[in-house]
file data-v1.pdb (PDB, C-alpha atoms)
MODEL        1
ATOM      1  CA  MET N 169       0.000   0.000   0.000
ATOM      2  CA  THR N 170       1.096   3.559  -0.666
ATOM      3  CA  SER N 171       0.830   6.121   2.114
ATOM      4  CA  HIS N 172       1.199   9.854   2.605
ATOM      5  CA  GLN N 173       0.666  12.372   5.344
ATOM      6  CA  VAL N 174      -2.511  14.398   5.544
ATOM      7  CA  ALA N 175      -2.482  17.684   7.438
ATOM      8  CA  ILE N 176      -5.136  18.064  10.092
ATOM      9  CA  ILE N 177      -5.637  21.809  10.429
ATOM     10  CA  GLN N 178      -7.758  22.696  13.428
ATOM     11  CA  GLN N 179      -8.819  26.080  14.777
ATOM     12  CA  THR N 180      -5.709  26.384  16.941
ATOM     13  CA  GLN N 181      -3.492  26.121  13.853
ATOM     14  CA  ILE N 182      -5.631  28.665  11.982
ATOM     15  CA  ASP N 183      -5.435  31.061  14.938
ATOM     16  CA  SER N 184      -1.643  30.785  14.954
ATOM     17  CA  LEU N 185      -1.489  32.109  11.378
ATOM     18  CA  HIS N 186      -2.922  35.512  12.445
ATOM     19  CA  ILE N 187      -4.829  36.015   9.198
ATOM     20  CA  SER N 188      -6.092  39.580   9.014
ATOM     21  CA  PRO N 189      -9.550  40.627   7.811
ATOM     22  CA  ALA N 190      -7.777  42.569   5.034
ATOM     23  CA  GLU N 191      -6.234  39.298   3.810
ATOM     24  CA  CYS N 192      -9.675  37.689   3.888
ATOM     25  CA  ILE N 193     -11.046  40.436   1.634
ATOM     26  CA  GLU N 194      -8.081  39.985  -0.735
ATOM     27  CA  TRP N 195      -8.753  36.238  -0.865
ATOM     28  CA  VAL N 196     -12.451  36.577  -1.688
ATOM     29  CA  GLN N 197     -11.632  39.136  -4.373
ATOM     30  CA  GLU N 198      -9.038  36.766  -5.823
ATOM     31  CA  GLY N 199     -11.691  34.057  -5.833
ATOM     32  CA  PHE N 200     -14.206  36.238  -7.655
ATOM     33  CA  LEU N 201     -11.611  37.229 -10.261
ATOM     34  CA  MET N 202     -10.950  33.561 -11.117
ATOM     35  CA  LYS N 203     -14.628  32.555 -11.104
ATOM     36  CA  ASP N 204     -14.844  32.126 -14.892
ATOM     37  CA  GLU N 205     -12.015  29.563 -14.748
ATOM     38  CA  VAL N 206     -13.246  27.314 -11.937
ATOM     39  CA  GLN N 207     -15.493  24.285 -11.972
ATOM     40  CA  LEU N 208     -18.204  25.080  -9.446
ATOM     41  CA  PRO N 209     -21.036  22.541  -9.360
ATOM     42  CA  ALA N 210     -24.209  23.483  -7.543
ATOM     43  CA  LYS N 211     -24.495  22.743  -3.847
ATOM     44  CA  LEU N 212     -26.115  19.421  -3.022
ATOM     45  CA  SER N 213     -28.135  19.071   0.175
ATOM     46  CA  VAL N 214     -29.757  16.182   1.995
ATOM     47  CA  HIS N 215     -32.225  16.549   4.856
ATOM     48  CA  PRO N 216     -31.900  13.871   7.546
ATOM     49  CA  GLN N 217     -34.902  15.089   9.542
ATOM     50  CA  GLY N 218     -37.048  18.183   9.892
ATOM     51  CA  GLU N 219     -35.195  21.377   8.991
ATOM     52  CA  ASP N 220     -31.767  19.751   9.420
ATOM     53  CA  PHE N 221     -29.437  19.648   6.434
ATOM     54  CA  ILE N 222     -26.059  18.361   5.310
ATOM     55  CA  THR N 223     -24.716  20.187   2.261
ATOM     56  CA  SER N 224     -21.732  19.423   0.027
ATOM     57  CA  MET N 225     -19.959  22.282  -1.791
ATOM     58  CA  PRO N 226     -17.289  21.143  -4.290
ATOM     59  CA  CYS N 227     -14.946  23.346  -6.319
ATOM     60  CA  LEU N 228     -11.991  22.806  -8.650
ATOM     61  CA  LEU N 229      -9.633  25.781  -8.771
ATOM     62  CA  PRO N 230      -7.603  26.638 -11.893
ATOM     63  CA  GLU N 231      -3.881  25.901 -11.892
ATOM     64  CA  ARG N 232      -1.766  28.650 -10.318
ATOM     65  CA  ASP N 233       2.029  28.583  -9.886
ATOM     66  CA  GLY N 234       2.085  24.889 -10.772
ATOM     67  CA  LYS N 235      -0.516  24.001  -8.138
ATOM     68  CA  LYS N 236      -4.052  22.838  -8.751
ATOM     69  CA  TYR N 237      -6.496  22.262  -5.918
ATOM     70  CA  PHE N 238      -9.828  20.542  -5.593
ATOM     71  CA  GLY N 239     -11.800  20.806  -2.421
ATOM     72  CA  ILE N 240     -15.172  19.997  -0.962
ATOM     73  CA  LYS N 241     -16.795  21.580   2.032
ATOM     74  CA  ILE N 242     -19.328  19.633   4.061
ATOM     75  CA  VAL N 243     -21.561  21.916   6.095
ATOM     76  CA  SER N 244     -24.340  20.782   8.391
ATOM     77  CA  ARG N 245     -26.988  22.316  10.586
ATOM     78  CA  ILE N 246     -28.402  19.696  12.930
ATOM     79  CA  GLU N 247     -30.701  20.456  15.829
ATOM     80  CA  GLY N 248     -28.945  19.702  19.094
ATOM     81  CA  GLN N 249     -25.372  19.732  17.794
ATOM     82  CA  ARG N 250     -22.995  22.378  19.168
ATOM     83  CA  PRO N 251     -22.441  24.632  17.439
ATOM     84  CA  ALA N 252     -25.608  24.162  15.423
ATOM     85  CA  LEU N 253     -23.753  24.977  12.192
ATOM     86  CA  LYS N 254     -20.545  23.035  11.521
ATOM     87  CA  SER N 255     -18.310  22.561   8.515
ATOM     88  CA  ASP N 256     -15.256  20.579   7.453
ATOM     89  CA  ILE N 257     -13.173  21.011   4.316
ATOM     90  CA  TYR N 258     -11.282  18.303   2.433
ATOM     91  CA  LEU N 259      -8.492  19.667   0.222
ATOM     92  CA  TYR N 260      -6.920  17.613  -2.584
ATOM     93  CA  ASP N 261      -4.055  17.938  -5.033
ATOM     94  CA  ALA N 262      -6.061  17.888  -8.266
ATOM     95  CA  LYS N 263      -3.058  16.701 -10.295
ATOM     96  CA  SER N 264      -2.346  13.599  -8.239
ATOM     97  CA  GLY N 265      -5.688  13.101  -6.524
ATOM     98  CA  LEU N 266      -3.996  12.951  -3.119
ATOM     99  CA  LEU N 267      -5.843  14.194  -0.058
ATOM    100  CA  LEU N 268      -3.703  17.027   1.347
ATOM    101  CA  ALA N 269      -5.600  18.300   4.355
ATOM    102  CA  ILE N 270      -8.706  18.089   6.480
ATOM    103  CA  ILE N 271      -9.484  21.572   7.730
ATOM    104  CA  ASP N 272     -11.930  22.876  10.314
ATOM    105  CA  GLY N 273     -14.223  25.047   8.210
ATOM    106  CA  ASP N 274     -16.107  27.050  10.848
ATOM    107  CA  TRP N 275     -13.735  30.058  10.918
ATOM    108  CA  ILE N 276     -13.428  29.962   7.132
ATOM    109  CA  THR N 277     -17.210  30.017   6.720
ATOM    110  CA  ALA N 278     -17.600  33.022   9.003
ATOM    111  CA  MET N 279     -14.702  35.071   7.665
ATOM    112  CA  ARG N 280     -15.255  34.463   3.968
ATOM    113  CA  THR N 281     -18.892  35.477   4.513
ATOM    114  CA  GLY N 282     -17.853  38.659   6.286
ATOM    115  CA  ALA N 283     -15.212  39.424   3.684
ATOM    116  CA  VAL N 284     -17.649  39.026   0.773
ATOM    117  CA  ALA N 285     -20.095  41.399   2.473
ATOM    118  CA  ALA N 286     -17.351  43.983   3.042
ATOM    119  CA  LEU N 287     -16.171  43.640  -0.556
ATOM    120  CA  ALA N 288     -19.738  44.105  -1.820
ATOM    121  CA  VAL N 289     -20.067  47.249   0.302
ATOM    122  CA  ARG N 290     -16.774  48.615  -1.009
ATOM    123  CA  THR N 291     -17.857  47.881  -4.577
ATOM    124  CA  PHE N 292     -21.426  49.214  -4.513
ATOM    125  CA  GLN N 293     -21.670  51.923  -1.837
ATOM    126  CA  ARG N 294     -22.304  55.459  -2.997
ATOM    127  CA  SER N 295     -19.605  58.079  -2.517
ATOM    128  CA  ASN N 296     -18.829  59.678   0.862
ATOM    129  CA  VAL N 297     -20.448  56.978   3.008
ATOM    130  CA  ASP N 298     -19.068  56.801   6.533
ATOM    131  CA  ALA N 299     -21.959  55.149   8.431
ATOM    132  CA  TYR N 300     -23.014  51.518   8.111
ATOM    133  CA  SER N 301     -26.292  50.187   9.493
ATOM    134  CA  MET N 302     -26.390  46.625  10.831
ATOM    135  CA  ILE N 303     -29.272  44.427  11.976
ATOM    136  CA  GLY N 304     -28.827  40.899  13.327
ATOM    137  CA  LEU N 305     -25.731  41.079  15.502
ATOM    138  CA  GLY N 306     -24.628  37.466  15.915
ATOM    139  CA  ASN N 307     -21.338  35.805  15.036
ATOM    140  CA  ILE N 308     -21.547  36.396  11.282
ATOM    141  CA  ALA N 309     -22.238  40.073  11.933
ATOM    142  CA  ARG N 310     -19.025  40.162  13.967
ATOM    143  CA  ALA N 311     -17.135  38.744  10.992
ATOM    144  CA  VAL N 312     -18.733  41.382   8.756
ATOM    145  CA  ALA N 313     -17.772  44.122  11.213
ATOM    146  CA  LEU N 314     -14.181  42.872  11.499
ATOM    147  CA  CYS N 315     -13.806  43.091   7.724
ATOM    148  CA  LEU N 316     -15.674  46.381   7.406
ATOM    149  CA  ILE N 317     -13.645  48.053  10.162
ATOM    150  CA  ASP N 318     -10.345  46.797   8.753
ATOM    151  CA  ASP N 319     -11.306  47.837   5.224
ATOM    152  CA  ASN N 320     -11.828  51.374   6.564
ATOM    153  CA  ARG N 321      -8.888  51.373   8.961
ATOM    154  CA  HIS N 322      -7.500  54.657   7.620
ATOM    155  CA  ARG N 323     -10.676  56.675   8.315
ATOM    156  CA  PRO N 324     -13.334  56.954  11.029
ATOM    157  CA  ILE N 325     -16.663  55.189  10.496
ATOM    158  CA  THR N 326     -19.884  54.731  12.439
ATOM    159  CA  LEU N 327     -21.787  51.481  12.898
ATOM    160  CA  ARG N 328     -25.522  52.058  13.417
ATOM    161  CA  LEU N 329     -26.882  49.036  15.312
ATOM    162  CA  MET N 330     -30.533  48.015  15.421
ATOM    163  CA  ARG N 331     -31.339  47.181  19.022
ATOM    164  CA  TYR N 332     -32.423  43.628  19.832
ATOM    165  CA  LYS N 333     -32.302  42.361  23.425
ATOM    166  CA  GLU N 334     -28.706  42.928  24.626
ATOM    167  CA  GLN N 335     -27.034  42.232  21.295
ATOM    168  CA  ALA N 336     -26.066  45.823  20.496
ATOM    169  CA  GLU N 337     -24.367  46.378  23.846
ATOM    170  CA  GLN N 338     -22.495  43.068  23.533
ATOM    171  CA  PHE N 339     -21.471  44.005  20.003
ATOM    172  CA  ILE N 340     -20.068  47.346  21.136
ATOM    173  CA  GLU N 341     -18.163  45.640  23.944
ATOM    174  CA  ARG N 342     -16.581  43.270  21.399
ATOM    175  CA  PHE N 343     -15.265  46.140  19.261
ATOM    176  CA  LYS N 344     -14.537  48.762  21.925
ATOM    177  CA  ASP N 345     -10.777  48.641  21.314
ATOM    178  CA  TYR N 346     -10.990  49.605  17.619
ATOM    179  CA  SER N 347     -10.028  53.253  17.342
ATOM    180  CA  ASN N 348     -11.567  54.035  13.945
ATOM    181  CA  VAL N 349     -15.159  53.075  14.774
ATOM    182  CA  LYS N 350     -17.896  54.563  16.912
ATOM    183  CA  PHE N 351     -21.369  53.208  17.525
ATOM    184  CA  GLU N 352     -24.965  54.344  17.527
ATOM    185  CA  ILE N 353     -27.851  52.202  18.779
ATOM    186  CA  VAL N 354     -31.168  52.736  17.009
ATOM    187  CA  ASP N 355     -34.442  51.668  18.641
ATOM    188  CA  ASP N 356     -36.959  52.554  15.944
ATOM    189  CA  HIS N 357     -37.182  50.349  12.840
ATOM    190  CA  CYS N 358     -38.378  53.128  10.567
ATOM    191  CA  ALA N 359     -35.610  55.496  11.660
ATOM    192  CA  PHE N 360     -33.079  52.704  11.252
ATOM    193  CA  VAL N 361     -33.969  52.110   7.589
ATOM    194  CA  ALA N 362     -34.609  55.722   6.672
ATOM    195  CA  GLY N 363     -31.169  56.690   7.971
ATOM    196  CA  ALA N 364     -29.312  53.842   6.282
ATOM    197  CA  GLU N 365     -26.884  54.618   3.461
ATOM    198  CA  VAL N 366     -25.534  51.061   3.597
ATOM    199  CA  LEU N 367     -27.670  48.402   5.301
ATOM    200  CA  LEU N 368     -26.216  45.024   6.216
ATOM    201  CA  SER N 369     -28.583  42.375   7.552
ATOM    202  CA  CYS N 370     -27.316  39.267   9.317
ATOM    203  CA  VAL N 371     -30.769  38.221  10.505
ATOM    204  CA  THR N 372     -30.837  34.416  10.230
ATOM    205  CA  VAL N 373     -34.600  33.851  10.401
ATOM    206  CA  ALA N 374     -37.160  36.110   8.731
ATOM    207  CA  THR N 375     -40.507  34.617   7.766
ATOM    208  CA  GLU N 376     -41.827  38.032   6.724
ATOM    209  CA  LEU N 377     -40.401  41.190   5.184
ATOM    210  CA  LEU N 378     -38.171  43.012   7.648
ATOM    211  CA  PHE N 379     -38.998  46.484   6.317
ATOM    212  CA  PRO N 380     -42.129  46.282   4.120
ATOM    213  CA  ASP N 381     -42.489  50.047   3.561
ATOM    214  CA  ASN N 382     -40.560  50.660   0.332
ATOM    215  CA  ASN N 383     -40.624  54.409   0.888
ATOM    216  CA  LEU N 384     -38.198  54.061   3.795
ATOM    217  CA  PHE N 385     -35.284  53.081   1.542
ATOM    218  CA  GLN N 386     -33.550  56.297   0.545
ATOM    219  CA  LYS N 387     -32.060  56.901  -2.881
ATOM    220  CA  GLY N 388     -28.521  55.620  -3.177
ATOM    221  CA  VAL N 389     -28.861  52.973  -0.474
ATOM    222  CA  THR N 390     -26.888  49.738  -0.747
ATOM    223  CA  VAL N 391     -28.491  46.710   0.925
ATOM    224  CA  VAL N 392     -26.527  43.529   1.641
ATOM    225  CA  PRO N 393     -28.754  40.766   3.094
ATOM    226  CA  VAL N 394     -25.995  38.430   4.287
ATOM    227  CA  HIS N 395     -28.428  35.585   5.002
ATOM    228  CA  MET N 396     -30.650  36.444   2.011
ATOM    229  CA  ARG N 397     -33.813  36.847   4.072
ATOM    230  CA  GLY N 398     -36.364  39.595   4.577
ATOM    231  CA  PHE N 399     -35.769  41.962   1.652
ATOM    232  CA  GLN N 400     -37.806  40.436  -1.171
ATOM    233  CA  ASN N 401     -39.768  43.691  -1.533
ATOM    234  CA  CYS N 402     -36.517  45.329  -2.645
ATOM    235  CA  ASP N 403     -36.180  42.776  -5.475
ATOM    236  CA  VAL N 404     -38.809  44.455  -7.593
ATOM    237  CA  PHE N 405     -38.050  48.160  -7.148
ATOM    238  CA  PHE N 406     -34.313  48.479  -6.536
ATOM    239  CA  ASP N 407     -32.450  49.715  -9.609
ATOM    240  CA  LYS N 408     -29.865  46.931  -9.663
ATOM    241  CA  VAL N 409     -29.381  43.504  -8.104
ATOM    242  CA  PHE N 410     -26.045  41.697  -8.008
ATOM    243  CA  GLY N 411     -25.306  38.134  -6.923
ATOM    244  CA  ASP N 412     -22.324  35.885  -6.308
ATOM    245  CA  ASP N 413     -23.656  33.040  -8.472
ATOM    246  CA  THR N 414     -26.646  33.148 -10.786
ATOM    247  CA  GLY N 415     -27.330  29.432 -10.482
ATOM    248  CA  GLN N 416     -28.183  29.884  -6.816
ATOM    249  CA  ILE N 417     -30.195  33.070  -7.229
ATOM    250  CA  ARG N 418     -32.137  32.167 -10.361
ATOM    251  CA  GLY N 419     -34.693  30.318  -8.239
ATOM    252  CA  PHE N 420     -35.636  33.405  -6.215
ATOM    253  CA  LYS N 421     -39.333  34.203  -6.470
ATOM    254  CA  TYR N 422     -38.818  37.618  -8.074
ATOM    255  CA  PHE N 423     -35.692  36.865 -10.103
ATOM    256  CA  SER N 424     -37.494  37.511 -13.390
ATOM    257  CA  GLN N 425     -38.613  40.900 -12.055
ATOM    258  CA  PHE N 426     -35.152  42.241 -11.216
ATOM    259  CA  ARG N 427     -34.796  45.519 -13.107
ATOM    260  CA  GLN N 428     -31.136  44.851 -13.842
ATOM    261  CA  TYR N 429     -29.041  41.893 -12.730
ATOM    262  CA  ASP N 430     -25.449  40.713 -13.018
ATOM    263  CA  GLU N 431     -22.827  38.876 -10.992
ATOM    264  CA  LEU N 432     -20.432  40.633  -8.638
ATOM    265  CA  HIS N 433     -17.358  39.059 -10.205
ATOM    266  CA  ARG N 434     -18.147  40.681 -13.560
ATOM    267  CA  VAL N 435     -18.118  44.092 -11.890
ATOM    268  CA  LEU N 436     -14.764  43.319 -10.258
ATOM    269  CA  GLN N 437     -13.429  42.182 -13.633
ATOM    270  CA  GLY N 438     -14.571  45.455 -15.220
ATOM    271  CA  LYS N 439     -16.950  43.651 -17.600
ATOM    272  CA  THR N 440     -20.125  45.303 -16.334
ATOM    273  CA  PRO N 441     -20.732  48.595 -14.508
ATOM    274  CA  GLY N 442     -21.619  48.556 -10.850
ATOM    275  CA  ARG N 443     -22.914  51.764  -9.366
ATOM    276  CA  ILE N 444     -23.000  54.592 -11.914
ATOM    277  CA  ASN N 445     -24.526  57.347  -9.764
ATOM    278  CA  ASN N 446     -25.369  58.191  -6.164
ATOM    279  CA  ASP N 447     -29.118  57.733  -6.641
ATOM    280  CA  GLU N 448     -29.212  54.042  -7.589
ATOM    281  CA  ARG N 449     -30.621  51.650  -5.031
ATOM    282  CA  ILE N 450     -28.481  48.499  -5.154
ATOM    283  CA  LEU N 451     -29.115  45.059  -3.643
ATOM    284  CA  SER N 452     -26.245  42.567  -3.299
ATOM    285  CA  TYR N 453     -27.166  38.913  -2.726
ATOM    286  CA  ASN N 454     -24.227  36.671  -1.841
ATOM    287  CA  TYR N 455     -25.479  33.163  -1.202
ATOM    288  CA  GLY N 456     -22.049  31.762  -0.406
ATOM    289  CA  ILE N 457     -20.011  29.741  -2.896
ATOM    290  CA  GLY N 458     -17.607  26.864  -2.365
ATOM    291  CA  LEU N 459     -15.063  28.734  -4.474
ATOM    292  CA  HIS N 460     -14.225  30.990  -1.546
ATOM    293  CA  ASP N 461     -14.080  28.124   0.937
ATOM    294  CA  ILE N 462     -11.543  26.283  -1.208
ATOM    295  CA  VAL N 463      -9.495  29.425  -1.916
ATOM    296  CA  PHE N 464      -9.291  29.993   1.853
ATOM    297  CA  ALA N 465      -8.476  26.329   2.484
ATOM    298  CA  SER N 466      -5.653  26.334  -0.074
ATOM    299  CA  LYS N 467      -4.210  29.572   1.327
ATOM    300  CA  ILE N 468      -4.329  28.249   4.888
ATOM    301  CA  TYR N 469      -2.785  24.953   3.810
ATOM    302  CA  GLU N 470       0.084  26.758   2.078
ATOM    303  CA  LEU N 471       0.631  29.128   4.996
ATOM    304  CA  SER N 472       0.764  26.193   7.391
ATOM    305  CA  GLN N 473       2.937  24.211   4.926
ATOM    306  CA  GLY N 474       1.227  21.071   6.117
ATOM    307  CA  ALA N 475       2.476  21.639   9.655
ATOM    308  CA  GLY N 476       0.608  20.713  12.781
ATOM    309  CA  VAL N 477      -1.051  17.412  13.576
ATOM    310  CA  THR N 478      -0.834  14.902  10.736
ATOM    311  CA  LEU N 479      -2.060  11.408  10.157
ATOM    312  CA  LEU N 480      -0.684   8.659   7.976
ATOM    313  CA  PHE N 481      -3.197   7.950   5.248
ATOM    314  CA  GLN N 482      -2.846   4.505   3.708
ATOM    315  CA  LYS N 483      -4.313   3.769   0.314
ATOM    316  CA  HIS N 484      -4.233   0.567  -1.732
ATOM    317  CA  ASP N 485      -2.208   0.973  -4.905
ATOM    318  CA  GLN N 486      -3.643  -2.162  -6.478
ATOM    319  CA  LYS N 487      -7.095  -2.726  -7.800
ATOM    320  CA  ILE N 488      -9.300  -4.397  -5.219
ATOM    321  CA  TRP N 489     -11.019  -7.500  -6.522
ATOM    322  CA  VAL N 490     -14.110  -8.693  -4.703
TER
ENDMDL
END

call {"tool": "encode", "arguments": {"input": "data-v1.pdb", "output": "structure tokens"}}
result
Amino acid sequence: MTSHQVAIIQQTQIDSLHISPAECIEWVQEGFLMKDEVQLPAKLSVHPQGEDFITSMPCLLPERDGKKYFGIKIVSRIEGQRPALKSDIYLYDAKSGLLLAIIDGDWITAMRTGAVAALAVRTFQRSNVDAYSMIGLGNIARAVALCLIDDNRHRPITLRLMRYKEQAEQFIERFKDYSNVKFEIVDDHCAFVAGAEVLLSCVTVATELLFPDNNLFQKGVTVVPVHMRGFQNCDVFFDKVFGDDTGQIRGFKYFSQFRQYDELHRVLQGKTPGRINNDERILSYNYGIGLHDIVFASKIYELSQGAGVTLLFQKHDQKIWV
């Protein structure tokens, strides 16, 4: 039998790499710029029981610097497991087929999500924005804030937080040591939306529209629903809608009614215009694509150089007859 070592990269190893939010934004942008060259099959989900799911997200990256990676992320949300949402990534050498690493995907999931949101804001916000409105202040919102704050590290910004229970106060406590950001807590939903130049929603569950009054959305607003929920009224009257992958967004109820639609990567590539004036209302849907998970996994693998805990993986090199 042939054998080779497989890197086991856990959260402690990822922490030791001290990857900055700015690097995360660079990595998601790099992923978007190569999107036309990757093989990115649709996600495939199974549902063991109730609302639980286990989803596979494969991606083959193009060859770069003599290296070619394939990876698959397995993400699950199972009632009763802790944390409720978990993910693992398997990274392969696409030239040899060898398994290179098994990587804890929870940090990658959070930070690539936050980095994509920050990149969308940078790309589509109108000029002279210095205040960002956030609703839904859980862990993903923290990842978004980390990236947003770092992306604006050379200037002061304000985060307007929609109050919910004690989340806003806990959020401010988390980011109190960042010198370029100040906070404002908003209690009234109408005032929150009406005052939003950029609105980021990390609300995970929304069975109804979050802000059904269309008149509250000012001209020039950019809305980024990180978890895709609660803004379907905006689908039909916003000037432009952008997405990370059309295959995932095509099934949206109002997709055929989007006034103008294109993918974010085409804007980054300079193939299609993004915002062309300060009056356009723009909606950016980023469902989450395995491309970014595998870009992150390959970067982390290379930074770690396969170090850390390893296991000896034995594989038969002869055909098995049964």

call {"tool": "resolve_selection", "arguments": {"input": "data-v1.pdb", "expression": "the PyMOL selection byres ((chain N and resi 462-469) around 7)", "output": "PyMOL selection string"}}
result
chain N and resi 195+199+227+239+276+458-461+470-474

call {"tool": "atom_distance", "arguments": {"input": "data-v1.pdb", "atom1": "atom CA of N:Gly398", "atom2": "atom CA of N:Ala374"}}
result
5.5 Å

call {"tool": "closest_residue", "arguments": {"input": "data-v1.pdb", "among": "N:Asn296, N:Asn307, N:Gln207, N:Asn382", "to": "N:Arg342", "atoms": "only C-alpha atoms"}}
result
N:Asn307

call {"tool": "resolve_selection", "arguments": {"input": "data-v1.pdb", "expression": "the PyMOL selection byres ((chain N and resi 173-188) around 12)", "output": "PyMOL selection string"}}
result
chain N and resi 170-172+189-195+255-261+266-276+279-280+283+311+314-319+464-483

call {"tool": "write_last_selection", "arguments": {"input": "data-v1.pdb", "atoms": "C-alpha atoms", "output": "tab-separated table (two decimals), in the coordinates of the input"}}
result
chain	number	residue	atom	x	y	z
N	170	THR	CA	1.10	3.56	-0.67
N	171	SER	CA	0.83	6.12	2.11
N	172	HIS	CA	1.20	9.85	2.60
N	189	PRO	CA	-9.55	40.63	7.81
N	190	ALA	CA	-7.78	42.57	5.03
N	191	GLU	CA	-6.23	39.30	3.81
N	192	CYS	CA	-9.68	37.69	3.89
N	193	ILE	CA	-11.05	40.44	1.63
N	194	GLU	CA	-8.08	39.98	-0.74
N	195	TRP	CA	-8.75	36.24	-0.86
N	255	SER	CA	-18.31	22.56	8.52
N	256	ASP	CA	-15.26	20.58	7.45
N	257	ILE	CA	-13.17	21.01	4.32
N	258	TYR	CA	-11.28	18.30	2.43
N	259	LEU	CA	-8.49	19.67	0.22
N	260	TYR	CA	-6.92	17.61	-2.58
N	261	ASP	CA	-4.06	17.94	-5.03
N	266	LEU	CA	-4.00	12.95	-3.12
N	267	LEU	CA	-5.84	14.19	-0.06
N	268	LEU	CA	-3.70	17.03	1.35
N	269	ALA	CA	-5.60	18.30	4.36
N	270	ILE	CA	-8.71	18.09	6.48
N	271	ILE	CA	-9.48	21.57	7.73
N	272	ASP	CA	-11.93	22.88	10.31
N	273	GLY	CA	-14.22	25.05	8.21
N	274	ASP	CA	-16.11	27.05	10.85
N	275	TRP	CA	-13.74	30.06	10.92
N	276	ILE	CA	-13.43	29.96	7.13
N	279	MET	CA	-14.70	35.07	7.66
N	280	ARG	CA	-15.26	34.46	3.97
N	283	ALA	CA	-15.21	39.42	3.68
N	311	ALA	CA	-17.14	38.74	10.99
N	314	LEU	CA	-14.18	42.87	11.50
N	315	CYS	CA	-13.81	43.09	7.72
N	316	LEU	CA	-15.67	46.38	7.41
N	317	ILE	CA	-13.64	48.05	10.16
N	318	ASP	CA	-10.34	46.80	8.75
N	319	ASP	CA	-11.31	47.84	5.22
N	464	PHE	CA	-9.29	29.99	1.85
N	465	ALA	CA	-8.48	26.33	2.48
N	466	SER	CA	-5.65	26.33	-0.07
N	467	LYS	CA	-4.21	29.57	1.33
N	468	ILE	CA	-4.33	28.25	4.89
N	469	TYR	CA	-2.78	24.95	3.81
N	470	GLU	CA	0.08	26.76	2.08
N	471	LEU	CA	0.63	29.13	5.00
N	472	SER	CA	0.76	26.19	7.39
N	473	GLN	CA	2.94	24.21	4.93
N	474	GLY	CA	1.23	21.07	6.12
N	475	ALA	CA	2.48	21.64	9.65
N	476	GLY	CA	0.61	20.71	12.78
N	477	VAL	CA	-1.05	17.41	13.58
N	478	THR	CA	-0.83	14.90	10.74
N	479	LEU	CA	-2.06	11.41	10.16
N	480	LEU	CA	-0.68	8.66	7.98
N	481	PHE	CA	-3.20	7.95	5.25
N	482	GLN	CA	-2.85	4.50	3.71
N	483	LYS	CA	-4.31	3.77	0.31

call {"tool": "residues_near_point", "arguments": {"input": "data-v1.pdb", "point": "(-27.1, 16.2, 10.6)", "cutoff": "12 Å", "atoms": "all atoms listed in the file", "output": "list in words"}}
result
Ser213, Val214, His215, Pro216, Gln217, Gly218, Glu219, Asp220, Phe221, Ile222, Thr223, Ile242, Val243, Ser244, Arg245, Ile246, Glu247, Gly248, Gln249, Arg250, Pro251, Ala252, Leu253, Lys254 and Ser255 of chain N

call {"tool": "axis_aligned_box", "arguments": {"input": "data-v1.pdb", "around": "stretch 451-462 of chain N", "padding_each_side": "4 Å", "output": "lines of an AutoDock Vina configuration file"}}
result
center_x = -20.3
center_y = 35.7
center_z = -1.8
size_x = 25.6
size_y = 26.8
size_z = 13.4

call {"tool": "resolve_selection", "arguments": {"input": "data-v1.pdb", "expression": "the PyMOL selection byres ((chain N and resi 423-433) around 8)", "output": "PyMOL selection string"}}
result
chain N and resi 200-201+203+288+403-414+417-422+434-437+440
